[in-house]
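Notes to accompany the following structure.
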Amino acid sequence: LNQENFRMPVGRVQFYYLKPFSFKEFLVAADHHKLREFIENFSWEDEIPDIIHQKLIALVHLYCIIGGMPAAISAYLNNKSLKNAQDMQQVILSTYQTDFGKYAKHTPIEQLQLIFNKTPQLVTKQLKYSEISRDIQSRELKRSLQKLIEANLLYQTFATKATNLPLNALINPKKFKLLFLDTGLIQRRSNIDAEILAHGNLLSNHHGCIAEHFVGQELLANQAVLQPPEIYYWERDVRGSSAEVDYVTDVDDQIIPVEVKAGASGKLKSLKLFMQSHSTSLGVHIAAHPFGIKNNIVTLPLYLSSELKRLLRAKLN
């Protein structure tokens, strides 16, 4: 598409931005149709029985191991084997890397493979090119990184001031985080045995980035398929300040901050600072905790990430 002699037949081509299976699609594949219906029909007036809450958190945990790649899900469902899923994930990773040869005229294959292999360790953190390589100039790495982004193998989460809409009008293009194609593929790249992942506190792995990545993947998966993927976070633009909110999103004409916590909630200082400085009526805390609201901060269980805009719209209106 980027070649100079390529001619786009304008008006005859329609782009669809395909993502891995979302968590709700995973539930359908695994024959948990009623749980998907529960998620989609959940409202502010409802309570979540503890048995359903624990079941859905366990399925989020399982989804983060298997991920949303259809072949990996199918491999698991054939005989409920996490090893089979991991084997298929390795096949997918290897196939992607073998496919990088088609970019050889524009970008060194070695750089693409280096970025692809390094990114799972760097997701949800502001990217510094030196963390990828100290031996390759940043402008070269930037060019290679862009190829993987254009191929939708990686996604950029841009820092935005988030003072008004649209969010993309106030981004800092030099400040961004990366999300990988799929949470399950991140786990496979870690080379940790599936059974160890299954019995550990997976959502806290990589300093909690798995939970944050899961939410980012859900937010992307539930965007309109005709819309180029867009996702943002907020960082306080003040020297010496470390305040940061994991995601910001818009609901109608309001900007909503979203903070993800894998473990204990803490004091949510950055979320509260955003709400105060931006005069925001609601903030969102996504965690493994039950649903609730306190001091205008909504706690959403991880499995309700896909319903964020629907629930907030109902509350704001």
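Residues in the structure tokens are named by chain (A, B, ... in the order shown) and by number from 1 within that chain; ligands are numbered from 1 in the order shown.
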
(request) Give the strand (DSSP E) residues of stretch 130-308 of chain A, as DSSP finds them on the backbone, and put them as number ranges by chain. (result) A: 154-160, 171-180, 232-235, 244-251, 254-260, 283-287, 292-294, 297-301

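Neighbours of A:Asn317 closer than or equal to 12 Å, with only C-alpha atoms counted and sequence neighbours fewer than 5 positions away skipped, come out as Val251, Asp252, Asp253, Gln254, Ser281, Lys309, Arg310, Leu311 and Leu312 of chain A.
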
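When only C-alpha atoms are used to compute distances to A:Glu25, the closest of the residues A:Ile73, A:Ile51, A:Ile109, A:Leu127 turns out to be A:Ile73.
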
(request) Quick one: everything within 12 Å of A:Val91, counting only C-alpha atoms, minus sequence neighbours fewer than 6 positions away in the same chain. Send it as number ranges by chain. (result) A: 69, 71-72, 75, 84-85, 97-98, 185, 188-189

With C-alpha atoms kept, could you save the residues just selected as an mmCIF file, in the first residue's frame?
```cif
data_model
loop_
_atom_site.group_PDB
_atom_site.id
_atom_site.type_symbol
_atom_site.label_atom_id
_atom_site.label_comp_id
_atom_site.auth_asym_id
_atom_site.auth_seq_id
_atom_site.Cartn_x
_atom_site.Cartn_y
_atom_site.Cartn_z
ATOM 1 C CA MET A 69 -6.079 -15.683 18.374
ATOM 2 C CA ALA A 71 -6.242 -20.870 16.221
ATOM 3 C CA ALA A 72 -4.928 -20.792 19.796
ATOM 4 C CA ALA A 75 -6.272 -25.650 19.997
ATOM 5 C CA ASN A 84 -1.696 -27.184 22.861
ATOM 6 C CA ALA A 85 -2.679 -23.520 22.991
ATOM 7 C CA GLN A 97 8.506 -13.466 11.938
ATOM 8 C CA THR A 98 8.972 -15.551 8.808
ATOM 9 C CA LEU A 185 1.074 -14.048 22.610
ATOM 10 C CA ARG A 188 3.969 -17.200 25.134
ATOM 11 C CA ARG A 189 6.891 -14.872 24.459
#
```

(request) Do a neighbour search on stretch 165-179 of chain A at 8 Å with only C-alpha atoms, toss out local chain neighbours closer than 2 positions, and write the hits as a list in words. (result) Thr119, Leu122, Val123, Thr124, Lys125, Gln126, Leu127, Leu154, Tyr155, Gln156, Thr157, Phe158, Ala159, Thr160, Lys161, Ala162, Thr163, Leu181, His213, Gly216, Gln217, Tyr232, Thr249, Asp250, Asp253 and Ile255 of chain A

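For the set A:Asn2, A:Ser241, A:Ser305, A:Tyr17, the residue with the smallest atom-to-atom gap to A:Lys105 is A:Asn2, counting only C-alpha atoms.
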
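Taking atom CA of A:Ala198 and atom CA of A:Lys83 as the two end points, the separation is 11.0 Å.
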
(message) So that I can check the surroundings of A:Leu304, please list as a VMD selection string every protein, DNA and RNA residue that reaches within 12 Å of it, counting only C-alpha atoms and ignoring chain neighbours fewer than 2 positions away.
(response) chain A and resid 22 to 24 35 to 43 48 53 56 to 57 60 214 to 215 218 to 219 222 284 to 292 298 to 302 306 to 312

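Across A:Leu316, A:Glu195, A:Asn201, A:Phe116, the tightest approach to A:Ser81 is made by A:Glu195 when counting only C-alpha atoms.
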
(request) Write down as a ChimeraX atom specification the residues belonging to stretch 40-96 of chain A that are assigned alpha helix (DSSP H) by DSSP computed on the backbone. (result) /A:40-41,50-66,70-79,82-96

(message) With only C-alpha atoms as the counted atoms, please give the residues lying no more than 9 Å from stretch 136-143 of chain A, apart from itself and same-chain residues fewer than 5 positions off, as a ChimeraX atom specification.
(response) /A:107,111-112,115,128-130

(message) So that I can check the surroundings of A:Tyr96, please list as a list in words every protein, DNA and RNA residue that reaches within 10 Å of it, counting only C-alpha atoms and ignoring chain neighbours fewer than 4 positions away.
(response) Gln90, Val91, Ile92, Phe100, Gly101, Gln113, Phe116 and Leu153 of chain A

Using N, CA and C atoms, can you write the selected residues to a file as a short mmCIF file (atom, residue, chain, number, x, y, z; two decimals), in the first residue's frame?
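The result, written out as result.cif:
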```
data_model
loop_
_atom_site.label_atom_id
_atom_site.label_comp_id
_atom_site.auth_asym_id
_atom_site.auth_seq_id
_atom_site.Cartn_x
_atom_site.Cartn_y
_atom_site.Cartn_z
N GLN A 90 3.11 -20.41 19.61
CA GLN A 90 4.48 -20.39 19.11
C GLN A 90 4.50 -20.47 17.59
N VAL A 91 3.61 -21.27 17.03
CA VAL A 91 3.49 -21.35 15.57
C VAL A 91 3.14 -19.98 14.99
N ILE A 92 2.18 -19.30 15.62
CA ILE A 92 1.75 -17.99 15.14
C ILE A 92 2.89 -16.99 15.21
N PHE A 100 8.06 -11.49 7.78
CA PHE A 100 8.67 -10.16 7.72
C PHE A 100 9.50 -9.96 6.45
N GLY A 101 9.83 -11.05 5.78
CA GLY A 101 10.64 -10.94 4.56
C GLY A 101 10.01 -10.07 3.49
N GLN A 113 12.32 -8.07 13.50
CA GLN A 113 12.32 -9.20 14.43
C GLN A 113 12.74 -8.76 15.83
N PHE A 116 9.78 -6.89 17.37
CA PHE A 116 8.71 -7.85 17.62
C PHE A 116 9.02 -8.70 18.85
N LEU A 153 0.21 -5.31 14.06
CA LEU A 153 0.82 -6.24 15.02
C LEU A 153 1.11 -5.54 16.33
#
```

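Note that the spacing between atom CA of A:Asn295 and atom CA of A:Ser277 amounts to 15.8 Å.
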
(message) Given only C-alpha atoms as the basis, pick out the residue of A:Ala194, A:Val258, A:Leu1, A:Leu145 nearest to A:Asp87.
(response) A:Ala194
